Amino acid sequence: MTDTARPDGGRAALAGFVTNRLGRATPRPAPAKAASPAGQSAAQNFENLPGYRELQLQRQAAQLIGLGNPFFRVHDAKAGATTRIDQKSFTNFSSYDYLGLNGHPRVSNAAREAIEAYGTSASASRVVAGERPGHISLEQALAKHYRTEGCIVMVSGHATNVTTIGALLEAGDVIFHDALSHNSIVTGAQLSGAQRRSFAHNDLDALESLLQNTRHEHRRALIVVEGLYSMDGDAPDLAGLVALKKRYDAWLMVDEAHGLGVTGRTGAGLFEHCGVDPKEVDIWMGTLSKTLSTCGGYICGPIALIEYLKHTAGGFVYSVGMSPPLAAAAEAALAVMHAEPERVERLRQNGTLFLATAKKLGLDTGFSLGLAVVPIIVGDSLKAVTLSDRLFRRGINVQPIIHPAVPERASRLRFFLTSEHTADQIRDTVNAVAEEMVAIDKGGSLIEQLLAKRG
């Protein structure tokens, strides 16, 4: 008999959801194994995968509480500062369109022209038969932006980190990365076979201690950080990192996925924000899916690095080349960013307003710099999901970030600001967050109430 078939099945599922989100062991009987289709062993049944059962229990619990699923919602329109879901308009804080370039006429026209000339696909790996002029042109534009000798673009931002780190390091080497590094960085480090060592978030003293104690044990070393952290909205000390990489003979890689178009006076990135010559960084990585409004990733750096990756990185050599319209659109978006710095200024003003308004109302924004990413930390996962659901009902779309993406007690709503949000949208949203937080707190523990009602 399954949990849902037992008289107390809903209560058990609800308890499992809550205790899981609070980081405690789940006090319920071990679930029965899912029945396997005829002729299929238990090992072949995907329902027996670790975590699948817990996922089902969490969904049941959310339904009992009356919460909608905040994930995988279908948008009926271009997602920017506003969007449409189920034919209803929303103020949107869940998209990366930082400078409002998704759908910009110059960007869209570049994509159309590329489709007319080259179609929608490169049709093969660029190594074999997929090279198009737009690939080269985009790479040259990005290399010029970072003042590097070369650039390589790939079809996925996540895969760019995974394949680059995996190609550069191997057993006998070491990778030092921030404890809050993106999954793609950690996965690339694991794939490489190198020793992996994490240091406390943005703590350069902790990094130096690791370097001092362990760097001599390894051949090559790579330090990896992000230019703007997507969960917390803060940035590292680039000058300090450059000093450490020189002192301990290591490469320095900066992931600018969320930094391009956001940090620095003109949005050039972390090097402009910190006043550091970009040539001091060995590897600049970034994505095309945020400010540049398309899809893919890039690596900028010395020509030897770029040539090496073009001939050895599996995620490039064995993958189809970037779609020509995406390459053209990304290059156009970069050009618009350079030509219209007022977009960066509007984004900065919006981030400052959001942060100041939130702090004035006593909301916890963590370490955010108030640029394009501002979290509002609410505590446990259930509260974050509940708050997101309440805001959705008020026409505000913002995603909850819950365990294991962040520590359980640091669950939050993560707001992505754009240059196209209005001051009224920002003030109304922050006020709504504060109002719903009060309502949730006054209502007491929803879980305790529901569990009591169910006996």
# chains A, B, ... in the order shown; residues from 1 in each chain; ligands from 1

call {"tool": "residues_around", "arguments": {"residues": "segment 240-249 of chain A", "least_positions_apart": "3", "cutoff": "8 Å", "atoms": "only C-alpha atoms", "output": "ChimeraX atom specification"}}
result
/A:204,208,211-212,215,221,223,237,252,280-281

call {"tool": "select_by_dssp", "arguments": {"residues": "segment 193-403 of chain A", "states": "strand (DSSP E or B)", "output": "ChimeraX atom specification"}}
result
/A:195-199,221-226,251-255,283-287,297-301,320,373-379,396-397,399-401

call {"tool": "closest_residue", "arguments": {"among": "A:Ser41, A:Gln190, A:Asp364, A:Val433", "to": "Arg390 of chain A", "atoms": "only C-alpha atoms"}}
result
A:Val433

call {"tool": "closest_residue", "arguments": {"among": "A:Ser156, A:Ser381, A:Asn213, A:Ser137", "to": "Pro407 of chain A", "atoms": "only C-alpha atoms"}}
result
A:Ser381

call {"tool": "residues_around", "arguments": {"residues": "segment 79-90 of chain A", "least_positions_apart": "5", "cutoff": "9 Å", "atoms": "only C-alpha atoms", "output": "PyMOL selection string"}}
result
chain A and resi 73-74+95-98+100-102+392+394-397+417-422

call {"tool": "closest_residue", "arguments": {"among": "A:Leu138, A:Ala117, A:Val155, A:Ala143", "to": "Ile283 of chain A", "atoms": "only C-alpha atoms"}}
result
A:Ala143

call {"tool": "residues_around", "arguments": {"residues": "Ile185 of chain A", "least_positions_apart": "6", "cutoff": "9 Å", "atoms": "only C-alpha atoms", "output": "PyMOL selection string"}}
result
chain A and resi 158+161-162+165+177+224-225+255

call {"tool": "residues_around", "arguments": {"residues": "segment 266-270 of chain A", "least_positions_apart": "2", "cutoff": "8 Å", "atoms": "only C-alpha atoms", "output": "list in words"}}
result
His145, Gly227, Leu228, Ala235, Leu238, Glu256, Gly259, Leu260, Gly261, Val262, Thr263, Gly264, Glu272, His273, Cys274, Met337, His338, Pro341, Val344 and Glu345 of chain A

call {"tool": "write_last_selection", "arguments": {"atoms": "N, CA, C and O atoms", "output": "mmCIF file, in the first residue's frame"}}
result
data_model
loop_
_atom_site.group_PDB
_atom_site.id
_atom_site.type_symbol
_atom_site.label_atom_id
_atom_site.label_comp_id
_atom_site.auth_asym_id
_atom_site.auth_seq_id
_atom_site.Cartn_x
_atom_site.Cartn_y
_atom_site.Cartn_z
ATOM 1 N N HIS A 145 36.330 42.951 -26.507
ATOM 2 C CA HIS A 145 35.733 43.463 -25.269
ATOM 3 C C HIS A 145 36.635 43.191 -24.070
ATOM 4 O O HIS A 145 36.820 44.059 -23.212
ATOM 5 N N GLY A 227 32.122 36.507 -11.425
ATOM 6 C CA GLY A 227 32.188 37.966 -11.442
ATOM 7 C C GLY A 227 31.035 38.606 -10.700
ATOM 8 O O GLY A 227 31.178 39.685 -10.119
ATOM 9 N N LEU A 228 29.881 37.962 -10.712
ATOM 10 C CA LEU A 228 28.720 38.380 -9.931
ATOM 11 C C LEU A 228 27.982 37.095 -9.562
ATOM 12 O O LEU A 228 27.577 36.337 -10.446
ATOM 13 N N ALA A 235 30.120 40.377 -5.392
ATOM 14 C CA ALA A 235 31.250 40.190 -6.301
ATOM 15 C C ALA A 235 32.547 40.054 -5.510
ATOM 16 O O ALA A 235 32.651 40.537 -4.381
ATOM 17 N N LEU A 238 38.751 41.413 -7.249
ATOM 18 C CA LEU A 238 39.560 40.936 -8.367
ATOM 19 C C LEU A 238 41.032 41.276 -8.192
ATOM 20 O O LEU A 238 41.907 40.443 -8.499
ATOM 21 N N GLU A 256 31.903 35.220 -15.858
ATOM 22 C CA GLU A 256 31.179 36.481 -15.964
ATOM 23 C C GLU A 256 29.740 36.301 -16.448
ATOM 24 O O GLU A 256 29.150 37.232 -17.015
ATOM 25 N N GLY A 259 27.858 38.887 -14.835
ATOM 26 C CA GLY A 259 28.568 40.153 -14.681
ATOM 27 C C GLY A 259 28.568 41.030 -15.915
ATOM 28 O O GLY A 259 28.503 42.259 -15.825
ATOM 29 N N LEU A 260 28.606 40.406 -17.110
ATOM 30 C CA LEU A 260 28.648 41.196 -18.335
ATOM 31 C C LEU A 260 27.366 42.010 -18.471
ATOM 32 O O LEU A 260 26.258 41.490 -18.345
ATOM 33 N N GLY A 261 27.525 43.314 -18.704
ATOM 34 C CA GLY A 261 26.381 44.199 -18.835
ATOM 35 C C GLY A 261 25.861 44.722 -17.513
ATOM 36 O O GLY A 261 24.946 45.553 -17.492
ATOM 37 N N VAL A 262 26.449 44.253 -16.418
ATOM 38 C CA VAL A 262 25.936 44.592 -15.089
ATOM 39 C C VAL A 262 26.964 45.317 -14.238
ATOM 40 O O VAL A 262 26.707 46.404 -13.711
ATOM 41 N N THR A 263 28.141 44.725 -14.075
ATOM 42 C CA THR A 263 29.157 45.320 -13.213
ATOM 43 C C THR A 263 30.044 46.279 -14.011
ATOM 44 O O THR A 263 30.301 46.083 -15.200
ATOM 45 N N GLY A 264 30.497 47.311 -13.339
ATOM 46 C CA GLY A 264 31.300 48.335 -14.001
ATOM 47 C C GLY A 264 30.431 49.471 -14.511
ATOM 48 O O GLY A 264 29.231 49.293 -14.778
ATOM 49 N N GLU A 272 36.184 46.142 -14.935
ATOM 50 C CA GLU A 272 35.853 47.560 -14.873
ATOM 51 C C GLU A 272 35.357 47.921 -13.479
ATOM 52 O O GLU A 272 35.702 48.978 -12.938
ATOM 53 N N HIS A 273 34.572 47.060 -12.882
ATOM 54 C CA HIS A 273 34.041 47.287 -11.535
ATOM 55 C C HIS A 273 35.166 47.453 -10.517
ATOM 56 O O HIS A 273 35.080 48.281 -9.610
ATOM 57 N N CYS A 274 36.246 46.658 -10.690
ATOM 58 C CA CYS A 274 37.350 46.659 -9.722
ATOM 59 C C CYS A 274 38.545 47.495 -10.173
ATOM 60 O O CYS A 274 39.527 47.615 -9.431
ATOM 61 N N MET A 337 24.866 47.064 -26.333
ATOM 62 C CA MET A 337 25.336 47.347 -24.978
ATOM 63 C C MET A 337 26.420 48.424 -24.988
ATOM 64 O O MET A 337 26.398 49.348 -24.176
ATOM 65 N N HIS A 338 27.340 48.323 -25.934
ATOM 66 C CA HIS A 338 28.414 49.311 -26.038
ATOM 67 C C HIS A 338 27.886 50.674 -26.493
ATOM 68 O O HIS A 338 28.362 51.721 -26.037
ATOM 69 N N PRO A 341 25.064 52.948 -23.272
ATOM 70 C CA PRO A 341 25.430 52.758 -21.865
ATOM 71 C C PRO A 341 24.341 53.223 -20.895
ATOM 72 O O PRO A 341 24.373 52.863 -19.714
ATOM 73 N N VAL A 344 22.744 50.429 -18.971
ATOM 74 C CA VAL A 344 23.460 49.992 -17.769
ATOM 75 C C VAL A 344 23.150 50.922 -16.600
ATOM 76 O O VAL A 344 22.941 50.484 -15.470
ATOM 77 N N GLU A 345 23.073 52.205 -16.878
ATOM 78 C CA GLU A 345 22.773 53.186 -15.829
ATOM 79 C C GLU A 345 21.359 52.982 -15.283
ATOM 80 O O GLU A 345 21.140 53.051 -14.070
#

call {"tool": "closest_residue", "arguments": {"among": "A:Thr187, A:Thr163, A:Asn92, A:Gln140", "to": "Ala77 of chain A", "atoms": "only C-alpha atoms"}}
result
A:Asn92

call {"tool": "residues_around", "arguments": {"residues": "segment 293-310 of chain A", "least_positions_apart": "4", "cutoff": "8 Å", "atoms": "only C-alpha atoms", "output": "count of residues only"}}
result
38

call {"tool": "residues_around", "arguments": {"residues": "Glu113 of chain A", "least_positions_apart": "6", "cutoff": "12 Å", "atoms": "only C-alpha atoms", "output": "ChimeraX atom specification"}}
result
/A:106-107,119-120,134,324-329,332

call {"tool": "closest_residue", "arguments": {"among": "A:Ile136, A:Leu391, A:Ala111, A:Ala239", "to": "Asn431 of chain A", "atoms": "only C-alpha atoms"}}
result
A:Leu391

call {"tool": "select_by_dssp", "arguments": {"residues": "segment 56-119 of chain A", "states": "alpha helix (DSSP H)", "output": "list in words"}}
result
Gln56, Leu57, Gln58, Arg59, Gln60, Ala61, Ala62, Gln63, Leu64, Ile65, Pro105, Arg106, Val107, Ser108, Asn109, Ala110, Ala111, Arg112, Glu113, Ala114, Ile115, Glu116, Ala117 and Tyr118 of chain A

call {"tool": "closest_residue", "arguments": {"among": "A:Glu170, A:Glu116, A:Glu226, A:Asp428", "to": "His201 of chain A", "atoms": "only C-alpha atoms"}}
result
A:Glu226
